[in-house]
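Structure below is start25.cif: mmCIF, N, CA and C atoms.
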```cif
data_target
loop_
_atom_site.label_atom_id
_atom_site.label_comp_id
_atom_site.auth_asym_id
_atom_site.auth_seq_id
_atom_site.Cartn_x
_atom_site.Cartn_y
_atom_site.Cartn_z
N MET A 215 6.34 17.77 -59.62
CA MET A 215 5.46 17.39 -58.54
C MET A 215 4.93 18.68 -57.90
N THR A 216 3.63 18.67 -57.68
CA THR A 216 3.01 19.86 -57.11
C THR A 216 3.28 19.94 -55.61
N ARG A 217 3.03 21.09 -55.08
CA ARG A 217 3.26 21.33 -53.66
C ARG A 217 2.38 20.42 -52.79
N LYS A 218 1.15 20.23 -53.20
CA LYS A 218 0.21 19.41 -52.45
C LYS A 218 0.67 17.94 -52.42
N ARG A 219 1.14 17.44 -53.56
CA ARG A 219 1.61 16.05 -53.61
C ARG A 219 2.87 15.85 -52.77
N ARG A 220 3.76 16.87 -52.76
CA ARG A 220 4.95 16.79 -51.94
C ARG A 220 4.60 16.69 -50.45
N ARG A 221 3.63 17.50 -50.04
CA ARG A 221 3.17 17.45 -48.65
C ARG A 221 2.59 16.09 -48.31
N LEU A 222 1.78 15.55 -49.19
CA LEU A 222 1.19 14.23 -48.96
C LEU A 222 2.26 13.14 -48.89
N LEU A 223 3.28 13.25 -49.75
CA LEU A 223 4.36 12.27 -49.75
C LEU A 223 5.14 12.35 -48.43
N VAL A 224 5.47 13.56 -47.99
CA VAL A 224 6.18 13.74 -46.72
C VAL A 224 5.33 13.22 -45.57
N LEU A 225 4.04 13.51 -45.58
CA LEU A 225 3.13 13.03 -44.54
C LEU A 225 3.07 11.50 -44.53
N ALA A 226 2.98 10.90 -45.71
CA ALA A 226 2.92 9.43 -45.80
C ALA A 226 4.21 8.80 -45.28
N ILE A 227 5.36 9.38 -45.63
CA ILE A 227 6.64 8.86 -45.16
C ILE A 227 6.74 9.00 -43.64
N ALA A 228 6.32 10.15 -43.11
CA ALA A 228 6.35 10.37 -41.66
C ALA A 228 5.45 9.38 -40.93
N MET A 229 4.27 9.13 -41.47
CA MET A 229 3.35 8.17 -40.85
C MET A 229 3.94 6.76 -40.90
N GLY A 230 4.59 6.42 -42.00
CA GLY A 230 5.23 5.11 -42.10
C GLY A 230 6.35 4.94 -41.09
N LEU A 231 7.18 5.98 -40.93
CA LEU A 231 8.25 5.94 -39.94
C LEU A 231 7.69 5.85 -38.52
N LEU A 232 6.64 6.61 -38.24
CA LEU A 232 6.01 6.56 -36.92
C LEU A 232 5.43 5.17 -36.64
N GLY A 233 4.78 4.60 -37.64
CA GLY A 233 4.23 3.25 -37.50
C GLY A 233 5.33 2.22 -37.26
N GLY A 234 6.44 2.33 -37.99
CA GLY A 234 7.57 1.41 -37.81
C GLY A 234 8.18 1.54 -36.43
N ALA A 235 8.34 2.78 -35.96
CA ALA A 235 8.90 3.00 -34.62
C ALA A 235 7.97 2.44 -33.56
N THR A 236 6.67 2.63 -33.73
CA THR A 236 5.70 2.09 -32.78
C THR A 236 5.76 0.56 -32.75
N ALA A 237 5.87 -0.06 -33.90
CA ALA A 237 5.96 -1.52 -33.97
C ALA A 237 7.21 -2.02 -33.26
N LEU A 238 8.33 -1.33 -33.43
CA LEU A 238 9.57 -1.74 -32.76
C LEU A 238 9.46 -1.60 -31.24
N VAL A 239 8.86 -0.51 -30.78
CA VAL A 239 8.69 -0.30 -29.33
C VAL A 239 7.78 -1.37 -28.75
N LEU A 240 6.68 -1.67 -29.42
CA LEU A 240 5.76 -2.70 -28.93
C LEU A 240 6.41 -4.08 -28.92
N ALA A 241 7.22 -4.38 -29.93
CA ALA A 241 7.91 -5.67 -29.96
C ALA A 241 8.91 -5.77 -28.81
N ALA A 242 9.63 -4.70 -28.53
CA ALA A 242 10.57 -4.71 -27.41
C ALA A 242 9.82 -4.83 -26.08
N PHE A 243 8.70 -4.15 -25.96
CA PHE A 243 7.90 -4.22 -24.74
C PHE A 243 7.35 -5.62 -24.53
N GLN A 244 6.92 -6.27 -25.59
CA GLN A 244 6.38 -7.62 -25.51
C GLN A 244 7.43 -8.60 -24.98
N ASP A 245 8.69 -8.43 -25.38
CA ASP A 245 9.76 -9.31 -24.93
C ASP A 245 10.08 -9.12 -23.45
N SER A 246 9.81 -7.94 -22.91
CA SER A 246 10.16 -7.69 -21.52
C SER A 246 9.01 -7.93 -20.55
N LEU A 247 7.83 -8.27 -21.04
CA LEU A 247 6.70 -8.55 -20.16
C LEU A 247 6.92 -9.87 -19.42
N VAL A 248 6.66 -9.86 -18.13
CA VAL A 248 6.76 -11.07 -17.32
C VAL A 248 5.43 -11.22 -16.58
N PHE A 249 4.70 -12.28 -16.89
CA PHE A 249 3.39 -12.50 -16.30
C PHE A 249 3.50 -13.29 -14.99
N PHE A 250 2.52 -13.11 -14.10
CA PHE A 250 2.47 -13.82 -12.82
C PHE A 250 1.44 -14.93 -12.89
N TYR A 251 1.81 -16.10 -12.38
CA TYR A 251 0.91 -17.25 -12.31
C TYR A 251 0.96 -17.82 -10.90
N SER A 252 -0.16 -18.28 -10.41
CA SER A 252 -0.19 -19.10 -9.20
C SER A 252 -0.19 -20.55 -9.67
N PRO A 253 0.07 -21.51 -8.79
CA PRO A 253 0.02 -22.91 -9.23
C PRO A 253 -1.34 -23.31 -9.84
N SER A 254 -2.44 -22.77 -9.31
CA SER A 254 -3.76 -23.07 -9.89
C SER A 254 -3.91 -22.46 -11.27
N ASP A 255 -3.41 -21.24 -11.46
CA ASP A 255 -3.44 -20.61 -12.78
C ASP A 255 -2.64 -21.44 -13.78
N LEU A 256 -1.49 -21.92 -13.35
CA LEU A 256 -0.63 -22.72 -14.20
C LEU A 256 -1.32 -24.02 -14.59
N GLN A 257 -2.02 -24.62 -13.63
CA GLN A 257 -2.76 -25.85 -13.90
C GLN A 257 -3.88 -25.61 -14.90
N ALA A 258 -4.59 -24.49 -14.74
CA ALA A 258 -5.73 -24.20 -15.61
C ALA A 258 -5.32 -23.72 -17.00
N LYS A 259 -4.33 -22.84 -17.08
CA LYS A 259 -3.96 -22.21 -18.35
C LYS A 259 -2.77 -22.89 -19.03
N GLY A 260 -1.94 -23.56 -18.26
CA GLY A 260 -0.72 -24.13 -18.81
C GLY A 260 0.40 -23.11 -18.82
N ALA A 261 1.61 -23.60 -18.99
CA ALA A 261 2.79 -22.73 -19.01
C ALA A 261 2.87 -22.00 -20.33
N PRO A 262 3.41 -20.76 -20.31
CA PRO A 262 3.51 -20.00 -21.55
C PRO A 262 4.71 -20.40 -22.41
N GLY A 263 4.89 -21.66 -22.65
CA GLY A 263 5.96 -22.14 -23.52
C GLY A 263 7.34 -21.86 -22.98
N GLU A 264 8.23 -21.38 -23.83
CA GLU A 264 9.61 -21.10 -23.44
C GLU A 264 9.74 -19.73 -22.79
N ARG A 265 8.65 -19.03 -22.65
CA ARG A 265 8.66 -17.67 -22.10
C ARG A 265 8.89 -17.66 -20.60
N SER A 266 9.59 -16.65 -20.13
CA SER A 266 9.82 -16.46 -18.71
C SER A 266 8.56 -15.91 -18.05
N PHE A 267 8.27 -16.36 -16.83
CA PHE A 267 7.12 -15.85 -16.09
C PHE A 267 7.40 -15.98 -14.60
N ARG A 268 6.53 -15.38 -13.80
CA ARG A 268 6.67 -15.44 -12.34
C ARG A 268 5.67 -16.44 -11.78
N LEU A 269 6.13 -17.21 -10.82
CA LEU A 269 5.30 -18.19 -10.14
C LEU A 269 5.35 -17.86 -8.66
N GLY A 270 4.19 -17.71 -8.04
CA GLY A 270 4.17 -17.33 -6.64
C GLY A 270 3.20 -18.15 -5.83
N GLY A 271 3.45 -18.19 -4.54
CA GLY A 271 2.61 -18.91 -3.60
C GLY A 271 3.38 -19.11 -2.31
N LEU A 272 3.05 -20.18 -1.59
CA LEU A 272 3.74 -20.51 -0.35
C LEU A 272 4.67 -21.69 -0.58
N VAL A 273 5.82 -21.68 0.09
CA VAL A 273 6.72 -22.83 0.02
C VAL A 273 6.07 -23.95 0.81
N GLU A 274 5.83 -25.07 0.15
CA GLU A 274 5.13 -26.20 0.78
C GLU A 274 5.96 -26.78 1.92
N GLU A 275 5.28 -27.12 3.01
CA GLU A 275 5.94 -27.70 4.18
C GLU A 275 6.62 -29.01 3.79
N LYS A 276 7.81 -29.24 4.33
CA LYS A 276 8.60 -30.46 4.14
C LYS A 276 8.92 -30.74 2.68
N SER A 277 9.05 -29.68 1.86
CA SER A 277 9.35 -29.90 0.45
C SER A 277 10.74 -29.41 0.06
N VAL A 278 11.42 -28.69 0.95
CA VAL A 278 12.73 -28.11 0.61
C VAL A 278 13.81 -29.18 0.73
N VAL A 279 14.54 -29.39 -0.37
CA VAL A 279 15.64 -30.35 -0.41
C VAL A 279 16.87 -29.61 -0.93
N ARG A 280 17.90 -29.52 -0.09
CA ARG A 280 19.15 -28.86 -0.48
C ARG A 280 20.09 -29.93 -1.01
N ALA A 281 20.56 -29.74 -2.26
CA ALA A 281 21.38 -30.75 -2.92
C ALA A 281 22.87 -30.41 -2.92
N GLY A 282 23.27 -29.34 -2.27
CA GLY A 282 24.68 -28.96 -2.26
C GLY A 282 25.01 -28.07 -3.44
N GLU A 283 26.13 -27.38 -3.34
CA GLU A 283 26.59 -26.46 -4.38
C GLU A 283 25.54 -25.40 -4.71
N GLY A 284 24.75 -25.01 -3.73
CA GLY A 284 23.75 -23.96 -3.96
C GLY A 284 22.48 -24.42 -4.66
N ARG A 285 22.35 -25.71 -4.93
CA ARG A 285 21.15 -26.22 -5.60
C ARG A 285 20.09 -26.59 -4.57
N VAL A 286 18.87 -26.23 -4.85
CA VAL A 286 17.77 -26.55 -3.93
C VAL A 286 16.52 -26.82 -4.77
N THR A 287 15.71 -27.74 -4.30
CA THR A 287 14.40 -27.99 -4.91
C THR A 287 13.35 -27.83 -3.82
N PHE A 288 12.19 -27.34 -4.22
CA PHE A 288 11.07 -27.18 -3.30
C PHE A 288 9.79 -27.11 -4.12
N ARG A 289 8.68 -27.05 -3.42
CA ARG A 289 7.39 -26.97 -4.11
C ARG A 289 6.69 -25.68 -3.68
N ILE A 290 6.06 -25.02 -4.65
CA ILE A 290 5.26 -23.83 -4.37
C ILE A 290 3.80 -24.24 -4.48
N THR A 291 3.01 -23.86 -3.48
CA THR A 291 1.61 -24.23 -3.46
C THR A 291 0.74 -23.01 -3.19
N ASP A 292 -0.49 -23.10 -3.64
CA ASP A 292 -1.49 -22.09 -3.27
C ASP A 292 -2.59 -22.76 -2.44
N GLY A 293 -2.30 -23.96 -1.96
CA GLY A 293 -3.26 -24.70 -1.15
C GLY A 293 -4.10 -25.67 -1.96
N VAL A 294 -4.16 -25.48 -3.25
CA VAL A 294 -4.94 -26.37 -4.12
C VAL A 294 -4.00 -27.20 -4.99
N HIS A 295 -3.09 -26.53 -5.68
CA HIS A 295 -2.11 -27.20 -6.54
C HIS A 295 -0.71 -26.83 -6.08
N ALA A 296 0.25 -27.65 -6.44
CA ALA A 296 1.66 -27.39 -6.12
C ALA A 296 2.51 -27.60 -7.37
N VAL A 297 3.58 -26.83 -7.47
CA VAL A 297 4.49 -26.92 -8.61
C VAL A 297 5.90 -27.13 -8.08
N PRO A 298 6.62 -28.16 -8.59
CA PRO A 298 8.01 -28.35 -8.17
C PRO A 298 8.90 -27.27 -8.78
N VAL A 299 9.86 -26.79 -7.98
CA VAL A 299 10.76 -25.72 -8.41
C VAL A 299 12.20 -26.17 -8.18
N ALA A 300 13.06 -25.90 -9.15
CA ALA A 300 14.50 -26.15 -9.02
C ALA A 300 15.20 -24.79 -9.11
N TYR A 301 16.14 -24.56 -8.19
CA TYR A 301 16.86 -23.29 -8.15
C TYR A 301 18.31 -23.55 -7.82
N SER A 302 19.18 -22.81 -8.46
CA SER A 302 20.60 -22.90 -8.18
C SER A 302 21.10 -21.49 -7.88
N GLY A 303 21.52 -21.28 -6.64
CA GLY A 303 21.98 -19.97 -6.24
C GLY A 303 21.76 -19.77 -4.76
N ILE A 304 21.95 -18.53 -4.34
CA ILE A 304 21.79 -18.20 -2.93
C ILE A 304 20.34 -17.79 -2.68
N LEU A 305 19.70 -18.45 -1.74
CA LEU A 305 18.32 -18.13 -1.39
C LEU A 305 18.27 -16.93 -0.46
N PRO A 306 17.18 -16.16 -0.48
CA PRO A 306 17.05 -15.05 0.46
C PRO A 306 17.07 -15.55 1.90
N ASP A 307 17.52 -14.70 2.81
CA ASP A 307 17.59 -15.09 4.22
C ASP A 307 16.23 -15.48 4.79
N LEU A 308 15.17 -14.86 4.32
CA LEU A 308 13.84 -15.12 4.86
C LEU A 308 13.14 -16.31 4.19
N PHE A 309 13.81 -17.00 3.29
CA PHE A 309 13.22 -18.15 2.62
C PHE A 309 13.08 -19.29 3.61
N ARG A 310 11.88 -19.84 3.72
CA ARG A 310 11.63 -21.02 4.57
C ARG A 310 10.27 -21.62 4.21
N GLU A 311 10.02 -22.80 4.73
CA GLU A 311 8.75 -23.48 4.46
C GLU A 311 7.61 -22.67 5.07
N GLY A 312 6.49 -22.62 4.34
CA GLY A 312 5.33 -21.87 4.78
C GLY A 312 5.41 -20.38 4.46
N GLN A 313 6.52 -19.95 3.87
CA GLN A 313 6.77 -18.55 3.56
C GLN A 313 6.23 -18.22 2.17
N GLY A 314 5.72 -17.01 2.00
CA GLY A 314 5.30 -16.54 0.69
C GLY A 314 6.50 -16.20 -0.17
N VAL A 315 6.53 -16.70 -1.39
CA VAL A 315 7.63 -16.42 -2.32
C VAL A 315 7.10 -16.14 -3.71
N VAL A 316 7.91 -15.43 -4.47
CA VAL A 316 7.68 -15.24 -5.89
C VAL A 316 8.97 -15.64 -6.58
N THR A 317 8.88 -16.54 -7.55
CA THR A 317 10.05 -16.97 -8.31
C THR A 317 9.88 -16.54 -9.75
N GLU A 318 10.99 -16.31 -10.41
CA GLU A 318 10.94 -15.96 -11.83
C GLU A 318 11.81 -16.93 -12.60
N GLY A 319 11.29 -17.44 -13.70
CA GLY A 319 12.02 -18.40 -14.52
C GLY A 319 11.13 -18.95 -15.61
N ARG A 320 11.34 -20.21 -15.95
CA ARG A 320 10.54 -20.83 -17.01
C ARG A 320 10.26 -22.28 -16.66
N MET A 321 9.27 -22.85 -17.30
CA MET A 321 8.87 -24.23 -17.05
C MET A 321 9.66 -25.16 -17.97
N ARG A 322 10.26 -26.18 -17.38
CA ARG A 322 10.95 -27.19 -18.18
C ARG A 322 9.92 -28.16 -18.75
N PRO A 323 10.30 -28.91 -19.80
CA PRO A 323 9.36 -29.88 -20.38
C PRO A 323 8.91 -30.96 -19.40
N ASP A 324 9.73 -31.27 -18.37
CA ASP A 324 9.37 -32.30 -17.42
C ASP A 324 8.42 -31.81 -16.33
N GLY A 325 7.95 -30.55 -16.42
CA GLY A 325 6.98 -30.03 -15.46
C GLY A 325 7.59 -29.38 -14.23
N VAL A 326 8.91 -29.23 -14.21
CA VAL A 326 9.59 -28.57 -13.09
C VAL A 326 9.86 -27.12 -13.49
N PHE A 327 9.55 -26.19 -12.59
CA PHE A 327 9.81 -24.78 -12.83
C PHE A 327 11.26 -24.50 -12.51
N LEU A 328 12.03 -24.02 -13.49
CA LEU A 328 13.44 -23.70 -13.31
C LEU A 328 13.54 -22.22 -12.98
N ALA A 329 13.78 -21.91 -11.71
CA ALA A 329 13.81 -20.53 -11.25
C ALA A 329 15.20 -19.94 -11.43
N ARG A 330 15.26 -18.70 -11.89
CA ARG A 330 16.54 -18.01 -11.95
C ARG A 330 16.61 -16.94 -10.87
N GLU A 331 15.45 -16.66 -10.22
CA GLU A 331 15.41 -15.70 -9.13
C GLU A 331 14.32 -16.12 -8.14
N VAL A 332 14.61 -16.00 -6.85
CA VAL A 332 13.65 -16.31 -5.80
C VAL A 332 13.55 -15.10 -4.88
N LEU A 333 12.33 -14.61 -4.68
CA LEU A 333 12.09 -13.46 -3.81
C LEU A 333 11.20 -13.90 -2.66
N ALA A 334 11.57 -13.55 -1.43
CA ALA A 334 10.76 -13.86 -0.25
C ALA A 334 10.24 -12.56 0.33
N LYS A 335 9.11 -12.63 1.02
CA LYS A 335 8.59 -11.41 1.64
C LYS A 335 9.60 -10.89 2.66
N HIS A 336 9.66 -9.57 2.80
CA HIS A 336 10.72 -8.99 3.62
C HIS A 336 10.37 -8.81 5.08
N ASP A 337 9.12 -8.85 5.46
CA ASP A 337 8.75 -8.86 6.88
C ASP A 337 7.38 -9.48 7.03
N GLU A 338 6.91 -9.54 8.24
CA GLU A 338 5.66 -10.24 8.52
C GLU A 338 4.41 -9.49 8.05
N THR A 339 4.55 -8.22 7.68
CA THR A 339 3.36 -7.46 7.28
C THR A 339 3.24 -7.31 5.78
N TYR A 340 4.14 -7.90 5.01
CA TYR A 340 4.12 -7.73 3.56
C TYR A 340 3.97 -9.06 2.86
N MET A 341 3.13 -9.07 1.85
CA MET A 341 2.99 -10.22 0.97
C MET A 341 2.77 -9.63 -0.42
N PRO A 342 3.49 -10.10 -1.44
CA PRO A 342 3.27 -9.55 -2.77
C PRO A 342 1.79 -9.64 -3.15
N ARG A 343 1.27 -8.58 -3.76
CA ARG A 343 -0.15 -8.50 -4.09
C ARG A 343 -0.63 -9.71 -4.88
N GLU A 344 0.17 -10.17 -5.85
CA GLU A 344 -0.24 -11.30 -6.68
C GLU A 344 -0.39 -12.58 -5.84
N VAL A 345 0.56 -12.78 -4.91
CA VAL A 345 0.50 -13.97 -4.06
C VAL A 345 -0.72 -13.90 -3.15
N ALA A 346 -0.95 -12.74 -2.52
CA ALA A 346 -2.10 -12.58 -1.63
C ALA A 346 -3.40 -12.79 -2.39
N ASP A 347 -3.51 -12.23 -3.59
CA ASP A 347 -4.73 -12.40 -4.38
C ASP A 347 -4.94 -13.86 -4.76
N ALA A 348 -3.86 -14.55 -5.12
CA ALA A 348 -3.99 -15.97 -5.48
C ALA A 348 -4.41 -16.80 -4.26
N LEU A 349 -3.87 -16.47 -3.08
CA LEU A 349 -4.26 -17.20 -1.87
C LEU A 349 -5.69 -16.89 -1.47
N ARG A 350 -6.12 -15.65 -1.67
CA ARG A 350 -7.53 -15.31 -1.39
C ARG A 350 -8.46 -16.10 -2.31
N LYS A 351 -8.08 -16.19 -3.57
CA LYS A 351 -8.91 -16.87 -4.56
C LYS A 351 -9.10 -18.35 -4.21
N THR A 352 -8.07 -18.97 -3.61
CA THR A 352 -8.17 -20.39 -3.27
C THR A 352 -8.67 -20.61 -1.84
N GLY A 353 -8.89 -19.51 -1.09
CA GLY A 353 -9.43 -19.63 0.26
C GLY A 353 -8.39 -19.90 1.33
N HIS A 354 -7.11 -19.72 1.03
CA HIS A 354 -6.05 -19.98 2.01
C HIS A 354 -5.49 -18.72 2.62
N TRP A 355 -6.11 -17.60 2.40
CA TRP A 355 -5.69 -16.33 2.99
C TRP A 355 -6.39 -16.15 4.31
N LYS A 356 -5.64 -15.87 5.36
CA LYS A 356 -6.23 -15.61 6.67
C LYS A 356 -6.58 -14.15 6.72
N GLU A 357 -7.85 -13.82 6.92
CA GLU A 357 -8.33 -12.44 6.82
C GLU A 357 -7.62 -11.48 7.74
N GLY A 358 -7.12 -11.93 8.89
CA GLY A 358 -6.43 -11.05 9.82
C GLY A 358 -5.05 -10.63 9.35
N GLU A 359 -4.49 -11.33 8.34
CA GLU A 359 -3.15 -11.06 7.87
C GLU A 359 -3.12 -9.79 7.04
N LYS A 360 -2.05 -9.06 7.15
CA LYS A 360 -1.87 -7.84 6.36
C LYS A 360 -1.17 -8.20 5.08
N ARG A 361 -1.31 -7.32 4.10
CA ARG A 361 -0.65 -7.56 2.84
C ARG A 361 0.59 -6.78 2.72
#
```
Using structure tokens, write down the structure that the file contains.
Amino acid sequence: MTRKRRRLLVLAIAMGLLGGATALVLAAFQDSLVFFYSPSDLQAKGAPGERSFRLGGLVEEKSVVRAGEGRVTFRITDGVHAVPVAYSGILPDLFREGQGVVTEGRMRPDGVFLAREVLAKHDETYMPREVADALRKTGHWKEGEKR
């Protein structure tokens, strides 16, 4: 084998290894992506199958039902559509009706969002960007409110 062919072979093997490593990194990155949906986005696009995603909006008034043993159900709304949520665990101290929340979990086949994590805004001047943008899009954002 000539010197030139050896170099080409080494280069081809290196490019193949680099391509394989890139494919593995992208596959791992794809598994860790978590997309954000508002209830209107979910209505328009549908749930991403068995994939985990974030659902955000406001906790609908008079929708919180505590079932005991840390189980709670409530509805998240953006003012246009609402999605029922089931959660089992300890809720944040600031969780309440009318409060902005972001939940992470997956959609069950019966149309209920099964949350594994619930996040509430931490003070009156903060609202997660995705939630604020979704509320602006539906016209339920009060312009005087800070994000």
Problem - Residue members of the PyMOL selection byres ((chain A and resi 283-295) around 8) in the file shown, as a PyMOL selection string - result: chain A and resi 252-255+257+269-282+296-305+315+348-350+352-355
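Coordinates place atom N of A:Val326 at a distance of 21.2 Å from atom C of A:Val345.
Reported to one decimal place, the separation of atom CA of A:Glu331 from atom C of A:Ala242 is 20.9 Å.
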Exercise for the section: Take the point (9.1, -15.5, -10.9) as written in the file and pick out every residue within 6 Å of it, counting all atoms listed in the file; give the list as JSON, numbers by chain. Expected result: {"A": [267, 268, 269, 316, 317, 318, 319, 331]}
Practice task
Using only C-alpha atoms, find the one residue out of A:Ala329, A:Leu240, A:Asp324, A:Ala334 that sits nearest to A:Arg310.
Solution key: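 Among A:Ala329, A:Leu240, A:Asp324, A:Ala334, it is A:Ala334 that comes nearest to A:Arg310.
Between atom N of A:Arg265 and atom N of A:Arg322 there is a distance of 9.0 Å.
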Where does DSSP see strand (DSSP E) in chain A, if you list the residues as a tab-separated table (two decimals) with N, CA and C atoms, in the frame of the given file?
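Okay, this is what ended up in selection-v4.tsv:
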```tsv
chain	number	residue	atom	x	y	z
A	249	PHE	N	4.70	-12.28	-16.89
A	249	PHE	CA	3.39	-12.50	-16.30
A	249	PHE	C	3.50	-13.29	-14.99
A	250	PHE	N	2.52	-13.11	-14.10
A	250	PHE	CA	2.47	-13.82	-12.82
A	250	PHE	C	1.44	-14.93	-12.89
A	251	TYR	N	1.81	-16.10	-12.38
A	251	TYR	CA	0.91	-17.25	-12.31
A	251	TYR	C	0.96	-17.82	-10.90
A	267	PHE	N	8.27	-16.36	-16.83
A	267	PHE	CA	7.12	-15.85	-16.09
A	267	PHE	C	7.40	-15.98	-14.60
A	268	ARG	N	6.53	-15.38	-13.80
A	268	ARG	CA	6.67	-15.44	-12.34
A	268	ARG	C	5.67	-16.44	-11.78
A	269	LEU	N	6.13	-17.21	-10.82
A	269	LEU	CA	5.30	-18.19	-10.14
A	269	LEU	C	5.35	-17.86	-8.66
A	270	GLY	N	4.19	-17.71	-8.04
A	270	GLY	CA	4.17	-17.33	-6.64
A	270	GLY	C	3.20	-18.15	-5.83
A	271	GLY	N	3.45	-18.19	-4.54
A	271	GLY	CA	2.61	-18.91	-3.60
A	271	GLY	C	3.38	-19.11	-2.31
A	272	LEU	N	3.05	-20.18	-1.59
A	272	LEU	CA	3.74	-20.51	-0.35
A	272	LEU	C	4.67	-21.69	-0.58
A	273	VAL	N	5.82	-21.68	0.09
A	273	VAL	CA	6.72	-22.83	0.02
A	273	VAL	C	6.07	-23.95	0.81
A	279	VAL	N	14.54	-29.39	-0.37
A	279	VAL	CA	15.64	-30.35	-0.41
A	279	VAL	C	16.87	-29.61	-0.93
A	280	ARG	N	17.90	-29.52	-0.09
A	280	ARG	CA	19.15	-28.86	-0.48
A	280	ARG	C	20.09	-29.93	-1.01
A	281	ALA	N	20.56	-29.74	-2.26
A	281	ALA	CA	21.38	-30.75	-2.92
A	281	ALA	C	22.87	-30.41	-2.92
A	282	GLY	N	23.27	-29.34	-2.27
A	282	GLY	CA	24.68	-28.96	-2.26
A	282	GLY	C	25.01	-28.07	-3.44
A	285	ARG	N	22.35	-25.71	-4.93
A	285	ARG	CA	21.15	-26.22	-5.60
A	285	ARG	C	20.09	-26.59	-4.57
A	286	VAL	N	18.87	-26.23	-4.85
A	286	VAL	CA	17.77	-26.55	-3.93
A	286	VAL	C	16.52	-26.82	-4.77
A	287	THR	N	15.71	-27.74	-4.30
A	287	THR	CA	14.40	-27.99	-4.91
A	287	THR	C	13.35	-27.83	-3.82
A	288	PHE	N	12.19	-27.34	-4.22
A	288	PHE	CA	11.07	-27.18	-3.30
A	288	PHE	C	9.79	-27.11	-4.12
A	289	ARG	N	8.68	-27.05	-3.42
A	289	ARG	CA	7.39	-26.97	-4.11
A	289	ARG	C	6.69	-25.68	-3.68
A	290	ILE	N	6.06	-25.02	-4.65
A	290	ILE	CA	5.26	-23.83	-4.37
A	290	ILE	C	3.80	-24.24	-4.48
A	291	THR	N	3.01	-23.86	-3.48
A	291	THR	CA	1.61	-24.23	-3.46
A	291	THR	C	0.74	-23.01	-3.19
A	296	ALA	N	0.25	-27.65	-6.44
A	296	ALA	CA	1.66	-27.39	-6.12
A	296	ALA	C	2.51	-27.60	-7.37
A	297	VAL	N	3.58	-26.83	-7.47
A	297	VAL	CA	4.49	-26.92	-8.61
A	297	VAL	C	5.90	-27.13	-8.08
A	298	PRO	N	6.62	-28.16	-8.59
A	298	PRO	CA	8.01	-28.35	-8.17
A	298	PRO	C	8.90	-27.27	-8.78
A	299	VAL	N	9.86	-26.79	-7.98
A	299	VAL	CA	10.76	-25.72	-8.41
A	299	VAL	C	12.20	-26.17	-8.18
A	300	ALA	N	13.06	-25.90	-9.15
A	300	ALA	CA	14.50	-26.15	-9.02
A	300	ALA	C	15.20	-24.79	-9.11
A	301	TYR	N	16.14	-24.56	-8.19
A	301	TYR	CA	16.86	-23.29	-8.15
A	301	TYR	C	18.31	-23.55	-7.82
A	302	SER	N	19.18	-22.81	-8.46
A	302	SER	CA	20.60	-22.90	-8.18
A	302	SER	C	21.10	-21.49	-7.88
A	314	GLY	N	5.72	-17.01	2.00
A	314	GLY	CA	5.30	-16.54	0.69
A	314	GLY	C	6.50	-16.20	-0.17
A	315	VAL	N	6.53	-16.70	-1.39
A	315	VAL	CA	7.63	-16.42	-2.32
A	315	VAL	C	7.10	-16.14	-3.71
A	316	VAL	N	7.91	-15.43	-4.47
A	316	VAL	CA	7.68	-15.24	-5.89
A	316	VAL	C	8.97	-15.64	-6.58
A	317	THR	N	8.88	-16.54	-7.55
A	317	THR	CA	10.05	-16.97	-8.31
A	317	THR	C	9.88	-16.54	-9.75
A	318	GLU	N	10.99	-16.31	-10.41
A	318	GLU	CA	10.94	-15.96	-11.83
A	318	GLU	C	11.81	-16.93	-12.60
A	319	GLY	N	11.29	-17.44	-13.70
A	319	GLY	CA	12.02	-18.40	-14.52
A	319	GLY	C	11.13	-18.95	-15.61
A	320	ARG	N	11.34	-20.21	-15.95
A	320	ARG	CA	10.54	-20.83	-17.01
A	320	ARG	C	10.26	-22.28	-16.66
A	321	MET	N	9.27	-22.85	-17.30
A	321	MET	CA	8.87	-24.23	-17.05
A	321	MET	C	9.66	-25.16	-17.97
A	327	PHE	N	9.55	-26.19	-12.59
A	327	PHE	CA	9.81	-24.78	-12.83
A	327	PHE	C	11.26	-24.50	-12.51
A	328	LEU	N	12.03	-24.02	-13.49
A	328	LEU	CA	13.44	-23.70	-13.31
A	328	LEU	C	13.54	-22.22	-12.98
A	329	ALA	N	13.78	-21.91	-11.71
A	329	ALA	CA	13.81	-20.53	-11.25
A	329	ALA	C	15.20	-19.94	-11.43
A	330	ARG	N	15.26	-18.70	-11.89
A	330	ARG	CA	16.54	-18.01	-11.95
A	330	ARG	C	16.61	-16.94	-10.87
A	331	GLU	N	15.45	-16.66	-10.22
A	331	GLU	CA	15.41	-15.70	-9.13
A	331	GLU	C	14.32	-16.12	-8.14
A	332	VAL	N	14.61	-16.00	-6.85
A	332	VAL	CA	13.65	-16.31	-5.80
A	332	VAL	C	13.55	-15.10	-4.88
A	333	LEU	N	12.33	-14.61	-4.68
A	333	LEU	CA	12.09	-13.46	-3.81
A	333	LEU	C	11.20	-13.90	-2.66
A	334	ALA	N	11.57	-13.55	-1.43
A	334	ALA	CA	10.76	-13.86	-0.25
A	334	ALA	C	10.24	-12.56	0.33
```
Practice task
Apply DSSP to the backbone of this structure and, from chain A, keep only the residues in helix (DSSP H, G or I); write these as an MDAnalysis selection string.
Solution key: chainID A and resid 217:246 253:259 343:352
